[in-house]
Every structure is written in structure tokens, then in C-alpha cells.
Amino acid sequence: MTAPRALHLRLAAAVAVVALAGVLVGLLATWTADSRIFFPAPEDPTAQVVQEQMQAGAGARTVLIGVTGAPADALATASRRLVARLRQSGRFRLVANGMFRPDQPTLDWLFRHRYLLNPAVDPKSFEPEQLEVALRLVRRELASSAGLARPDLLFADPTGRLRKVLAALTPAGRARGTGDGRGVWMTADQKTAVLVARLPATGPDAATAEALTEIRKGVAALQSAQGAGTSKAQQLRLLLSGPAVIAETIRGRIRAEAVWLSGAATAFVLLMLVLVFRRPTPILAATTVVLAGVIAGIAAVQLIFGQVHGITVTFGAMLIGLAIDYPLHILVHRRTGATARESARHLSPTLFVSAATTIAAFLPLVLSSFPGLAQLGTVSAVGLCVAALAARFMLPVLVADPRVHPPPVTLPGWRRRRRGLAAVLGVAAAAGVGGAVIGLAQGRALWERDISRLSPLSAEQLRVDRHLRSALPTINPRYVIVMRGDTPEPVLRKSEGLAAALAGLVRAGRLGGFDAPGNILPSRAMQKARQAKLPDPAQAKERLATAAKATGFAPDAFDTAAAAIAGAKTAGGLATRKSLRGTLLQDRLDGLLFPRGAGWVGLVWLRDPVPDARAVGAAIRATGGEVGARLLDLKALAASLVAAWRDEALIWLAAGAILSLLILALALRRPRPVLQIAGPVAAALALTLLGAYAVGIPLSFFHLLSLMIVAGLGFDYAVFMQRHAGDPEAGSRVLQSVTICALSTIGVYSILALSSVPLLRSIGMTTATGAALVFLFVTLFAIWRREPGSAGAA
Amino acid sequence: MAAGRTDRPVRFRETRKYRRMTDAIVLTGTLSLGTDGALIRIVTTPNYEKAVIRGDQVRLWQRRDGIGRTAALADYPLLQGMVRALRGVLTGKAEALNRHFRLRLEAAPEGAWQLHLTPRNADVARRLSAITVSGTRSGTGAAVRQLLLTRARDGRATGDWIRIDLLP
């Protein structure tokens, strides 16, 4: 026998090594919370371009800000003050709360190129009669409040070009939400003022957090400006949403859940071990074995994938509930007087069959083309493998003390109630068959089709997002038109061709509008054609002087306008992507026109109302095919992606199930024990499915993944029960250890079911329910088989 | 000053002189203070316009039956300066004027006086060089007769001006 001091030293060393490994993995691993790795990416290159742009483009950097809790006028004031403060902070690329309000650099750019931008200058506007009408309008404006604002602008731009250019950049739908002339975006109930802010870059960097803090501070300042006398009901409140906030929320939530769920699961398993062993040595040894498995699994994920997702960590930590079975079997199964080493040697064939069948179920996932699924497969397969090996070879070295025994567990007196057992098993079998029949009959109807339901956002957050968006001009997220070219110029020309085709639908009221790169920056060809149509500067100057005299202005009052026409006609007058830099429009154009590979891509987004795809397709074809644009239906694309993703996941899971059964068949060599093991497990799985169907939960891949865990547990329990069925003393200890294992597992996955991340919650709920059922069926079946006269009695 | 003149509208005639116009534009209308402190400026000729300035916002109506639109007063620095001066003059509160302008009082013959206002706010000062308030002293106090606003571009006087005569 090894001296206790040496044992304690070994245990201390093992704990230290595992703890050090844990710290190293924690420090060296690259953590991610980007849930996209769990979901499919399109294979079509055009669709990929669109998805990438949506994920990293201007849309992904958008923060929606809602200010609510006060009367509409107070909200409008708050909106204006907040917009001014946020703009001044310099933390945002753009802050808007209503009509398109360009900043000074943008206004300067629009003013400089006003004669060449959209819409085209009407050549008649420089006819003498038209000029006289325009100058009378200038006079009228000088007599109004506009005359108090920027009278110089009226002299420099008498034909109102800047106003027309600004109107063209303000989509028709945009004014709808500007609540009752208050000039700011408001929801229809006039209870929330809405602002849009755009961050300079995507990502979980400090700038995002600082920008969000700036918004919170801004609203806090507005609240304190309201004064202490304001009742709580009348106090301004902040609502935050939009892709940037949602991404930040998800990141934070996944990070927090990974920590608390892993901690709670570990604490629960420790509590179980304390209740069972009541001595530190086996508790520490078993925990060390399990944590070694989890840490090895996470380290393997880091080595293979170069990063570890928060969901992988949580899922890996939950394997504690599964991996704890291995040390428990060895410690609880020990006969009186036997050493842990002898027990491990005696149990090792059963332990390895049990572990191999479970690992085999997860192994094919490693090959999945979705990195998230491959991470889950890797963490499970490696984690369980290392835990099983550590239980077999490391645990006996750490716990040699023969005095360690769990307190006796009284077996239930079910043995005498054979008929009752048979009835329960009969019902289970029938329910299992029923579940299988429904599964086959309903087929794909059982499946979750809406991938967004797996989003970690709460219903309240989704409601806030919809509420805030309702105040904004809406881009239809379903359709996008994609154009390609070698340089920006051909893409812009295609955009112009398309705009001409879509304008027909807009005029007919069938299309609300569209955002195209050519709307912001006309092609060089278009600008040159417009230059050619501008009036001769000398003639324009003369006509302006004549009209000025007739309307009470000095003859030279509009000389700056004539000079601007002369400037617009020169080569330097052309608006370019380069000259656009530093303006608010640069961000807008970059989202619609960007380099990809060797060429350039342009996107056209449609605004509601949008006609069906056929009408838009017909408009594109009507351009005679010269446009070379392609209409993408992103909704249909997402649906087909989800279907493809589901099919692939199903193939991997089926491969896992077959591999598990093959290993079982190879180990047991006869069909009868294989059936005796697989039967109750299959019934429990089918009943779990039936339960999900009965309460109306659509199936996702993650439910099936949970069923794989349940199958792994079931095989583990059933293999031990089956192997030791002939020995009453061993059978009693098996029941004891399986009960402890099952309680640990059910507890751990019930903790996971408390997660607010739907993906983790669905795994937790399904596994906890399935684990309870599989434990019940396997146990009842084992007891029933042992009864004299039963069909399955050995 | 004209304290006590807030309970009823004050008629005004506003003359806007632009260097680049051969004649001046003349507006007439009324000025009043609402119970909530809002300044209400209604132009009746040559074209109707109503402006209600409350806090840092201005709400404008271009037609009697039209829908108003709201704008930030900060977008109209000249109007902002004009409003601050008018509010101070109409309420007779010197401290309100002092908050936004540097003041210099100048006496003139026969009981007349002139108060020179220079904007403290940089944005306002870029568009408005100065305001000269002229008035007379009578037995009951000081009566305001006229405000003269000298326009500026980037802080330099343009030669354009606005004169507001408060009519008896």
C-alpha cells in the first residue's frame, strides 16, 4: 500500500498540473463570441459578398437609440440635444435623428459639385423667364426666416440646386417618421424619438464600449437636466438596439454565461461528490480527472481551430456532467477491500466500451464544414477521451486508500413489482414507437426553419429593435441587386442604367425607392454629359444680370453663381470618390460600392414597398441585359442555407449514431445484448422527441446534438448494467453508481437549461429531460430483466 | 426699458438691407411673449410667417393653415441673437441681456439713449457683429424704439443690416 503522504503529494501534484494547464489555456486561447461560426455561410460568391458587406459594412456598425418616457415635444428637444452632444463627442462616424442633415464638409462637397450631381440640371432653368421666376423666389426667401439663416447661399445658388441635390439624397420614405413636423424621427405612437448613430468600425473593441457609454452619459445628462422634480413616469429613458448593440449584447451574454454556467455546473458536481464521498481525496481526484478532460478538449479546439467560442467553452464545461461518470464508476464500483487500481482494471473493458460509444457519437462532427459544430465535436470527443483515460490510469494512482466508500444507497423495492415494471416499459416502448412514427411522418415539418429563433436575443430586445426600426425609413432586407465591374466607373454606369429601369417602378408607386451607388456619385460619363449641357458661363452671367435688374437685385448680385457654373464645366469640377473622402456620404457610398478581389462590386437596396421579385427582375431585364446586374432573394437564400446546413448536420449525427452502434456490436459481439442496450436508449430518445413535438418545440440541430449526449449517457448506463447483470452484488453497486451519475448529469444540464442563450438552453432542456428518461428506462429494463420469469432474465 | 410690454403684442416694422439688392425688404408684424416664455413673432406682410421660439427650438409656419416645422435655434445664429435681444428688451430684464451680450450704454441728446450689444456666443458673433438698441427716456421709464442688427460673415461686417422699429 502506498503511504498516505505519498498519495497526498501525488494528488497535490495532479491538482497543480491540471490547474496550471487550465490557467495556461485560459491565458493563451483566443476567445470568440462570434455566433456566425455556428451558422451556415453561403457558397455562392455573390451571396458571400453581400453577407460580408452586411456583417462588416455600415449596417453592422449601426446603433439605434430610442429616447422615451416624456411628451413628444420634450422628446424632440431631447433628440436634438443628444444628437448635438454625440456629434461633438467625435466617437461616431454619423449621428442622425431625422432628415438628412449634412455636416459642413458634406455640405461643402455637395455645394461644390451641385451642378453635376443628381438630379440632372434642367437646361430650361437658365432660360431668361425661368431665371426671373427663380430670383423672385430668392427675394421671397430673403424676406423670410431663411433670409436670417444663410442669405449668402441664396445669392450663390439662385436656382436652388443644393436643395434639389439634398432632396435627391433624402429617400421619399424618410420623412414619414419625422413625427408631426417636429423634424426628428418618432415612432407612430409619438412616444419614442429615434436616433441612428454609426460607429467608426465593427468589433468588440474599446471604441464600441466607449461609444455606448457616451450615449448613456448623454441620456443621463438629459435626465439630470429634467430636474429632480420630474416624476419617474415622466423621466426620459434610453432604449438601445441595432446590430452593433446586439452584437455587443450577445458577446457579453455568452461571456457571462460561459463563466456562471461552468461555475455552477462545477459547484453542483462538487456538491454531489461531497454528498457521496464525504472525504476530500476522492472528491479532489474525481474533479481533477474531469477537469483534465474539459481542459484538454478546450486546448484541442484552440490548437485545431486557432480560437475557442464561448459556446464551445460552456458546452465543454457541461461535459463535466457526462465525464464525471467515469471516475464515479471506478470509485463506487469498488468491492470492499479492493484497491482503486484493481477496480479500474476490472472495469476497464466496460468503461472503454461505454466511453468509445459516446465519443464515436461526437467524432463525425469534427469533420463538419461549420467551424462551430466542428468545435463542439472536438471538445466533446477529446474531452471525453482524456477524461476516460485519466479515470482509468490516473485516478487509481491518486486514490489508493481502500477506506473510501460511498454511503450505502437503499435500492427501491421495485423488484417485487414485475407487472408494474412491464407496464411502464410497455408504455415507454409504445411511446418510443409513437415518437419514431411521428418523426418519420412529419419529417422536415418538425424542423425549425427560422434560424433567427436561435438568436440569443430576448423577446423584449427583439421588440425594442422592431419598435425603433418602425420610425426609420425602411430598406427592404429581402432583395438586393448586385453589380460587378473592373473599376468603380462601369459599376456606377450599371447603377445608372438600373436606376433608370427602377425609376419606372417608383413612378408607378410599386417601389418605394432604392439606394444605389450612382445616386450618390454619378459616373464620370454621366457627369461629363451633364457638363456639356450646362449653359455657357458668359451667357449665364449675362442672363442672371438681366433677371437681377428686373427683380430688384444689383446686376452683379449673382456673379458667384455664374462663376460656379464656369467651375463645374472644368475637368476639376468632376465629383470623384477621392473628393468625397471625409464627408458623411463616403460611408454611405462605401457600403454600396467596394472593391472585391480584382474588381469592384455595387449593391442596390430596395425601399419598401417592394413589388415581387418578378417585377424587379423584369425591370432589370428591360435594360436589355447590358446592365449585368443580378437580383438576390436573401430570404430564399437563407432558407436554402438552413436546409443545407440541417441536412449536413443530420448526416454527421447519423454517422455518429451508426459508429456508436458499430463499436457496441464489436465489443459485445452478439446482437441480443446490443439490442438490450440500444432498445431502452432508443425508446428514451424517441420519447424525448415526442415530448418536444407535443409541447410544440420545433427541432433544431442542437436538439439532436443533445439527443446524442443522451444516447452517450444511455449507452454508458446500459453497458454497465448489462455487463454486471449476472452478479447481484455488482449489479447493486452498478445501480448505485449509475444513479449518482444520472443525478449529476441531470443536475448539470438542468443548470444549462437556465441559460438565456436559446442554443444552450435547448441543449440543457433536451439533455436533462432525455437523461432522466434514459436513466429511468435503462434502470427499469435492467431490474425487469433480473426478475425471475421475465423474458429478458439472464 | 420696455418692461410691462409683454401682455399684449407689439407691432414692428423690420427693414432688411442687403448690399446686393437695389431696394430694401420691409416686413411688418407683431411680437409677443407667451405665458410660458415663448417669443411669438408673426410677420403679416409681405408674406405670412409665424415663428414660435421656445427654449432652443424654433417652430415655423409659412402659411396660416400650414403644418409647422421645427428647427434648432442654433441653426439660425442671427435669429438666435435677434431673439435674445428682443426677449431682453421686451421683458426689460437687463440680466438676460447681460448673459448673452457685452453691453455698453450711451446717452444721446434729448433723453435718447443707445445700448450697444456685442454677442458673447462665438457662433452668433460670426453672423452678427452687433445690435444697437435705441430708445428714449420718459417719465415712466425707458421706451425701446428700435433695434439695428449689423450682419457679419465669419465675424466681419458685410454691410448688410436689419432694422426693427417697435411701433407705438
# chains A, B, ... in the order shown; residues from 1 in each chain; ligands from 1
call {"tool": "residues_around", "arguments": {"residues": "stretch 107-111 of chain B", "least_positions_apart": "2", "cutoff": "6 Å", "atoms": "only C-alpha atoms", "output": "compact mmCIF listing (two decimals) with all heavy atoms, in the first residue's frame"}}
result
# COMPACT_ATOMS: atom_id res chain seq x y z
N TRP B 113 -31.25 107.43 -25.77
CA TRP B 113 -30.11 106.60 -25.33
C TRP B 113 -29.87 105.49 -26.36
O TRP B 113 -30.75 105.17 -27.17
CB TRP B 113 -30.35 105.99 -23.95
CG TRP B 113 -31.68 105.23 -23.84
CD1 TRP B 113 -32.85 105.76 -23.38
CD2 TRP B 113 -31.94 103.88 -24.24
NE1 TRP B 113 -33.85 104.85 -23.46
CE2 TRP B 113 -33.31 103.66 -23.98
CE3 TRP B 113 -31.18 102.87 -24.78
CZ2 TRP B 113 -33.92 102.45 -24.24
CZ3 TRP B 113 -31.80 101.67 -25.03
CH2 TRP B 113 -33.16 101.45 -24.76
N THR B 136 -35.87 106.00 -25.83
CA THR B 136 -36.00 107.33 -25.21
C THR B 136 -36.37 107.14 -23.75
O THR B 136 -36.94 106.13 -23.38
CB THR B 136 -37.10 108.17 -25.90
OG1 THR B 136 -38.28 107.39 -25.96
CG2 THR B 136 -36.68 108.63 -27.29
N ARG B 137 -36.02 108.15 -22.99
CA ARG B 137 -36.37 108.14 -21.56
C ARG B 137 -37.61 109.00 -21.37
O ARG B 137 -37.70 110.08 -21.93
CB ARG B 137 -35.21 108.74 -20.75
CG ARG B 137 -34.95 108.04 -19.43
CD ARG B 137 -33.85 108.75 -18.69
NE ARG B 137 -32.59 108.78 -19.42
CZ ARG B 137 -31.67 107.82 -19.33
NH1 ARG B 137 -31.89 106.77 -18.57
NH2 ARG B 137 -30.56 107.92 -20.00
call {"tool": "residues_around", "arguments": {"residues": "B:Gly81", "least_positions_apart": "2", "cutoff": "9 Å", "atoms": "only C-alpha atoms", "output": "MDAnalysis selection string"}}
result
chainID B and resid 76:79 83:86 100:101 119 121 124:125 128 131
call {"tool": "select_by_dssp", "arguments": {"residues": "stretch 61-196 of chain A", "states": "strand (DSSP E or B)", "output": "PyMOL selection string"}}
result
chain A and resi 62-68+94-96+98+178+184-186+192-196
call {"tool": "interface_residues", "arguments": {"of": "chain B", "to": "chain A", "cutoff": "8 Å", "atoms": "only C-alpha atoms", "output": "VMD selection string"}}
result
chain B and resid 16 20 to 23 25 to 27 46 to 47 49 57 67 to 72 75 to 79
call {"tool": "residues_around", "arguments": {"residues": "B:Phe12", "least_positions_apart": "4", "cutoff": "7 Å", "atoms": "only C-alpha atoms", "output": "VMD selection string"}}
result
chain B and resid 28 to 30 164 to 167
call {"tool": "write_last_selection", "arguments": {"atoms": "all heavy atoms", "output": "compact mmCIF listing (two decimals), in the first residue's frame"}}
result
# COMPACT_ATOMS: atom_id res chain seq x y z
N THR B 28 -43.71 93.66 -41.92
CA THR B 28 -44.43 94.15 -40.73
C THR B 28 -45.10 92.99 -40.03
O THR B 28 -45.40 91.97 -40.66
CB THR B 28 -45.50 95.19 -41.11
OG1 THR B 28 -46.42 94.58 -42.00
CG2 THR B 28 -44.91 96.43 -41.73
N GLY B 29 -45.34 93.17 -38.74
CA GLY B 29 -45.99 92.10 -37.98
C GLY B 29 -46.05 92.44 -36.51
O GLY B 29 -45.98 93.61 -36.13
N THR B 30 -46.16 91.40 -35.69
CA THR B 30 -46.25 91.62 -34.24
C THR B 30 -45.29 90.70 -33.48
O THR B 30 -44.94 89.63 -33.96
CB THR B 30 -47.68 91.32 -33.72
OG1 THR B 30 -48.00 89.97 -34.03
CG2 THR B 30 -48.71 92.26 -34.30
N ILE B 164 -35.21 96.91 -36.81
CA ILE B 164 -36.55 96.59 -36.31
C ILE B 164 -37.07 97.80 -35.54
O ILE B 164 -36.51 98.19 -34.52
CB ILE B 164 -36.51 95.35 -35.39
CG1 ILE B 164 -35.93 94.14 -36.14
CG2 ILE B 164 -37.92 95.01 -34.89
CD1 ILE B 164 -35.60 92.96 -35.24
N ASP B 165 -38.11 98.38 -36.08
CA ASP B 165 -38.73 99.53 -35.37
C ASP B 165 -39.93 99.01 -34.61
O ASP B 165 -40.82 98.37 -35.20
CB ASP B 165 -39.19 100.58 -36.40
CG ASP B 165 -37.99 101.24 -37.09
OD1 ASP B 165 -37.21 101.90 -36.39
OD2 ASP B 165 -37.82 101.03 -38.32
N LEU B 166 -39.92 99.26 -33.29
CA LEU B 166 -41.08 98.88 -32.48
C LEU B 166 -42.07 100.04 -32.53
O LEU B 166 -41.74 101.17 -32.15
CB LEU B 166 -40.65 98.58 -31.05
CG LEU B 166 -39.64 97.45 -30.90
CD1 LEU B 166 -39.29 97.23 -29.44
CD2 LEU B 166 -40.16 96.16 -31.51
N LEU B 167 -43.27 99.73 -33.03
CA LEU B 167 -44.23 100.80 -33.27
C LEU B 167 -45.09 101.03 -32.03
O LEU B 167 -45.42 100.07 -31.32
CB LEU B 167 -45.10 100.45 -34.47
CG LEU B 167 -44.29 100.11 -35.74
CD1 LEU B 167 -45.22 99.69 -36.88
CD2 LEU B 167 -43.45 101.31 -36.19
call {"tool": "select_by_dssp", "arguments": {"residues": "stretch 54-164 of chain B", "states": "helix (DSSP H, G or I)", "output": "count of residues only"}}
result
31
call {"tool": "closest_residue", "arguments": {"among": "B:Asp56, B:Asp123, B:Glu14, B:Asp154", "to": "B:Ile42", "atoms": "only C-alpha atoms"}}
result
B:Glu14
call {"tool": "residues_around", "arguments": {"residues": "A:Asp44", "least_positions_apart": "5", "cutoff": "12 Å", "atoms": "only C-alpha atoms", "output": "ChimeraX atom specification"}}
result
/A:49-51,632,634,637-638,640-641
call {"tool": "write_last_selection", "arguments": {"atoms": "all heavy atoms", "output": "mmCIF file, in the first residue's frame"}}
result
data_model
loop_
_atom_site.group_PDB
_atom_site.id
_atom_site.type_symbol
_atom_site.label_atom_id
_atom_site.label_comp_id
_atom_site.auth_asym_id
_atom_site.auth_seq_id
_atom_site.Cartn_x
_atom_site.Cartn_y
_atom_site.Cartn_z
ATOM 1 N N VAL A 49 -20.450 37.920 -50.907
ATOM 2 C CA VAL A 49 -20.094 39.344 -50.923
ATOM 3 C C VAL A 49 -21.132 40.142 -50.147
ATOM 4 O O VAL A 49 -20.806 40.977 -49.301
ATOM 5 C CB VAL A 49 -20.017 39.843 -52.391
ATOM 6 C CG1 VAL A 49 -20.003 41.355 -52.426
ATOM 7 C CG2 VAL A 49 -18.812 39.270 -53.080
ATOM 8 N N VAL A 50 -22.405 39.840 -50.413
ATOM 9 C CA VAL A 50 -23.490 40.575 -49.764
ATOM 10 C C VAL A 50 -23.457 40.321 -48.256
ATOM 11 O O VAL A 50 -23.549 41.244 -47.453
ATOM 12 C CB VAL A 50 -24.858 40.158 -50.360
ATOM 13 C CG1 VAL A 50 -25.981 40.835 -49.596
ATOM 14 C CG2 VAL A 50 -24.915 40.527 -51.828
ATOM 15 N N GLN A 51 -23.273 39.033 -47.883
ATOM 16 C CA GLN A 51 -23.276 38.705 -46.453
ATOM 17 C C GLN A 51 -22.112 39.402 -45.730
ATOM 18 O O GLN A 51 -22.299 39.966 -44.658
ATOM 19 C CB GLN A 51 -23.203 37.201 -46.249
ATOM 20 C CG GLN A 51 -23.575 36.828 -44.825
ATOM 21 C CD GLN A 51 -23.496 35.348 -44.571
ATOM 22 O OE1 GLN A 51 -22.489 34.717 -44.814
ATOM 23 N NE2 GLN A 51 -24.586 34.787 -44.092
ATOM 24 N N LEU A 632 -30.743 39.230 -55.941
ATOM 25 C CA LEU A 632 -30.639 38.145 -54.956
ATOM 26 C C LEU A 632 -31.824 38.219 -54.006
ATOM 27 O O LEU A 632 -32.148 39.295 -53.505
ATOM 28 C CB LEU A 632 -29.366 38.310 -54.119
ATOM 29 C CG LEU A 632 -28.033 37.877 -54.694
ATOM 30 C CD1 LEU A 632 -26.974 37.994 -53.614
ATOM 31 C CD2 LEU A 632 -28.078 36.460 -55.218
ATOM 32 N N LEU A 634 -32.544 37.271 -50.593
ATOM 33 C CA LEU A 634 -31.773 36.837 -49.422
ATOM 34 C C LEU A 634 -32.581 35.919 -48.510
ATOM 35 O O LEU A 634 -32.030 35.055 -47.844
ATOM 36 C CB LEU A 634 -31.292 38.053 -48.629
ATOM 37 C CG LEU A 634 -30.304 38.956 -49.366
ATOM 38 C CD1 LEU A 634 -29.952 40.169 -48.527
ATOM 39 C CD2 LEU A 634 -29.032 38.202 -49.733
ATOM 40 N N LEU A 637 -32.488 32.564 -50.059
ATOM 41 C CA LEU A 637 -31.110 32.085 -49.916
ATOM 42 C C LEU A 637 -30.887 31.558 -48.490
ATOM 43 O O LEU A 637 -30.327 30.471 -48.304
ATOM 44 C CB LEU A 637 -30.167 33.256 -50.180
ATOM 45 C CG LEU A 637 -28.719 32.922 -50.425
ATOM 46 C CD1 LEU A 637 -28.571 32.288 -51.793
ATOM 47 C CD2 LEU A 637 -27.873 34.178 -50.352
ATOM 48 N N ALA A 638 -31.372 32.315 -47.496
ATOM 49 C CA ALA A 638 -31.197 31.899 -46.098
ATOM 50 C C ALA A 638 -31.927 30.582 -45.845
ATOM 51 O O ALA A 638 -31.409 29.689 -45.178
ATOM 52 C CB ALA A 638 -31.721 32.985 -45.166
ATOM 53 N N SER A 640 -32.597 28.199 -48.002
ATOM 54 C CA SER A 640 -31.908 27.064 -48.618
ATOM 55 C C SER A 640 -30.627 26.744 -47.845
ATOM 56 O O SER A 640 -30.229 25.591 -47.726
ATOM 57 C CB SER A 640 -31.611 27.336 -50.094
ATOM 58 O OG SER A 640 -30.645 28.342 -50.187
ATOM 59 N N LEU A 641 -30.009 27.797 -47.277
ATOM 60 C CA LEU A 641 -28.793 27.576 -46.473
ATOM 61 C C LEU A 641 -29.117 26.757 -45.230
ATOM 62 O O LEU A 641 -28.400 25.834 -44.863
ATOM 63 C CB LEU A 641 -28.231 28.924 -46.012
ATOM 64 C CG LEU A 641 -27.339 29.662 -46.973
ATOM 65 C CD1 LEU A 641 -26.925 30.977 -46.373
ATOM 66 C CD2 LEU A 641 -26.113 28.833 -47.290
#
call {"tool": "closest_residue", "arguments": {"among": "B:Ala96, B:Ala143, B:Ile162, B:Ala74", "to": "B:Ala130", "atoms": "only C-alpha atoms"}}
result
B:Ile162
call {"tool": "decode", "arguments": {"residues": "stretch 58-99 of chain B", "atoms": "N, CA and C atoms", "output": "tab-separated table (two decimals), in the first residue's frame"}}
result
chain	number	residue	atom	x	y	z
B	58	VAL	N	-37.06	76.49	-32.60
B	58	VAL	CA	-37.96	77.42	-33.28
B	58	VAL	C	-38.93	76.59	-34.13
B	59	ARG	N	-40.21	76.93	-34.00
B	59	ARG	CA	-41.21	76.25	-34.82
B	59	ARG	C	-41.78	77.28	-35.79
B	60	LEU	N	-41.74	76.91	-37.08
B	60	LEU	CA	-42.08	77.88	-38.13
B	60	LEU	C	-43.30	77.43	-38.93
B	61	TRP	N	-44.16	78.40	-39.21
B	61	TRP	CA	-45.30	78.17	-40.10
B	61	TRP	C	-45.18	79.17	-41.24
B	62	GLN	N	-45.22	78.67	-42.47
B	62	GLN	CA	-45.12	79.59	-43.62
B	62	GLN	C	-46.51	79.98	-44.13
B	63	ARG	N	-47.51	79.20	-43.71
B	63	ARG	CA	-48.89	79.53	-44.11
B	63	ARG	C	-49.77	79.44	-42.88
B	64	ARG	N	-50.87	80.21	-42.87
B	64	ARG	CA	-51.75	80.21	-41.69
B	64	ARG	C	-52.31	78.81	-41.41
B	65	ASP	N	-52.64	78.08	-42.50
B	65	ASP	CA	-53.24	76.75	-42.31
B	65	ASP	C	-52.22	75.63	-42.53
B	66	GLY	N	-50.95	76.02	-42.60
B	66	GLY	CA	-49.92	75.02	-42.92
B	66	GLY	C	-49.46	74.23	-41.70
B	67	ILE	N	-48.66	73.21	-41.99
B	67	ILE	CA	-48.07	72.41	-40.90
B	67	ILE	C	-46.74	73.04	-40.51
B	68	GLY	N	-46.56	73.21	-39.22
B	68	GLY	CA	-45.31	73.82	-38.76
B	68	GLY	C	-44.14	72.87	-38.86
B	69	ARG	N	-42.96	73.41	-38.94
B	69	ARG	CA	-41.77	72.56	-38.87
B	69	ARG	C	-40.85	73.13	-37.79
B	70	THR	N	-40.16	72.22	-37.14
B	70	THR	CA	-39.32	72.63	-36.01
B	70	THR	C	-37.86	72.58	-36.41
B	71	ALA	N	-37.11	73.51	-35.93
B	71	ALA	CA	-35.67	73.51	-36.19
B	71	ALA	C	-34.96	73.94	-34.92
B	72	ALA	N	-33.69	73.62	-34.87
B	72	ALA	CA	-32.89	74.06	-33.72
B	72	ALA	C	-32.53	75.52	-33.93
B	73	LEU	N	-32.69	76.31	-32.88
B	73	LEU	CA	-32.39	77.74	-32.98
B	73	LEU	C	-30.91	77.94	-33.34
B	74	ALA	N	-30.08	76.96	-32.92
B	74	ALA	CA	-28.64	77.06	-33.19
B	74	ALA	C	-28.36	77.08	-34.70
B	75	ASP	N	-29.30	76.55	-35.51
B	75	ASP	CA	-29.11	76.58	-36.96
B	75	ASP	C	-29.35	77.97	-37.53
B	76	TYR	N	-29.92	78.85	-36.73
B	76	TYR	CA	-30.21	80.23	-37.16
B	76	TYR	C	-29.51	81.20	-36.21
B	77	PRO	N	-28.18	81.29	-36.29
B	77	PRO	CA	-27.46	82.11	-35.30
B	77	PRO	C	-27.94	83.57	-35.26
B	78	LEU	N	-28.27	84.11	-36.43
B	78	LEU	CA	-28.71	85.51	-36.47
B	78	LEU	C	-30.04	85.66	-35.73
B	79	LEU	N	-30.95	84.71	-36.00
B	79	LEU	CA	-32.26	84.73	-35.34
B	79	LEU	C	-32.06	84.55	-33.83
B	80	GLN	N	-31.09	83.68	-33.49
B	80	GLN	CA	-30.81	83.44	-32.07
B	80	GLN	C	-30.42	84.74	-31.37
B	81	GLY	N	-29.51	85.50	-32.03
B	81	GLY	CA	-29.08	86.78	-31.47
B	81	GLY	C	-30.24	87.75	-31.39
B	82	MET	N	-31.04	87.77	-32.46
B	82	MET	CA	-32.18	88.69	-32.52
B	82	MET	C	-33.18	88.38	-31.40
B	83	VAL	N	-33.44	87.08	-31.22
B	83	VAL	CA	-34.42	86.64	-30.22
B	83	VAL	C	-33.94	87.00	-28.81
B	84	ARG	N	-32.66	86.76	-28.56
B	84	ARG	CA	-32.14	87.05	-27.21
B	84	ARG	C	-32.24	88.54	-26.90
B	85	ALA	N	-31.94	89.34	-27.91
B	85	ALA	CA	-32.03	90.79	-27.70
B	85	ALA	C	-33.48	91.21	-27.50
B	86	LEU	N	-34.37	90.68	-28.37
B	86	LEU	CA	-35.79	91.06	-28.27
B	86	LEU	C	-36.39	90.64	-26.94
B	87	ARG	N	-36.04	89.41	-26.52
B	87	ARG	CA	-36.59	88.90	-25.26
B	87	ARG	C	-36.15	89.81	-24.09
B	88	GLY	N	-34.88	90.17	-24.10
B	88	GLY	CA	-34.36	91.05	-23.05
B	88	GLY	C	-35.06	92.40	-23.07
B	89	VAL	N	-35.24	92.90	-24.28
B	89	VAL	CA	-35.85	94.23	-24.44
B	89	VAL	C	-37.33	94.18	-24.05
B	90	LEU	N	-38.03	93.13	-24.49
B	90	LEU	CA	-39.47	93.05	-24.21
B	90	LEU	C	-39.77	92.81	-22.74
B	91	THR	N	-38.92	92.02	-22.08
B	91	THR	CA	-39.18	91.74	-20.66
B	91	THR	C	-38.56	92.80	-19.77
B	92	GLY	N	-37.61	93.56	-20.35
B	92	GLY	CA	-36.95	94.59	-19.57
B	92	GLY	C	-35.95	94.02	-18.58
B	93	LYS	N	-35.53	92.77	-18.79
B	93	LYS	CA	-34.59	92.15	-17.86
B	93	LYS	C	-33.16	92.32	-18.35
B	94	ALA	N	-32.44	93.21	-17.69
B	94	ALA	CA	-31.07	93.52	-18.11
B	94	ALA	C	-30.15	92.32	-17.94
B	95	GLU	N	-30.43	91.50	-16.88
B	95	GLU	CA	-29.52	90.36	-16.63
B	95	GLU	C	-29.58	89.34	-17.77
B	96	ALA	N	-30.79	89.21	-18.40
B	96	ALA	CA	-30.93	88.29	-19.53
B	96	ALA	C	-30.07	88.77	-20.68
B	97	LEU	N	-30.07	90.07	-20.91
B	97	LEU	CA	-29.25	90.65	-21.99
B	97	LEU	C	-27.77	90.48	-21.67
B	98	ASN	N	-27.45	90.71	-20.43
B	98	ASN	CA	-26.05	90.66	-19.99
B	98	ASN	C	-25.45	89.26	-20.15
B	99	ARG	N	-26.34	88.25	-20.04
B	99	ARG	CA	-25.87	86.88	-20.14
B	99	ARG	C	-25.36	86.57	-21.55
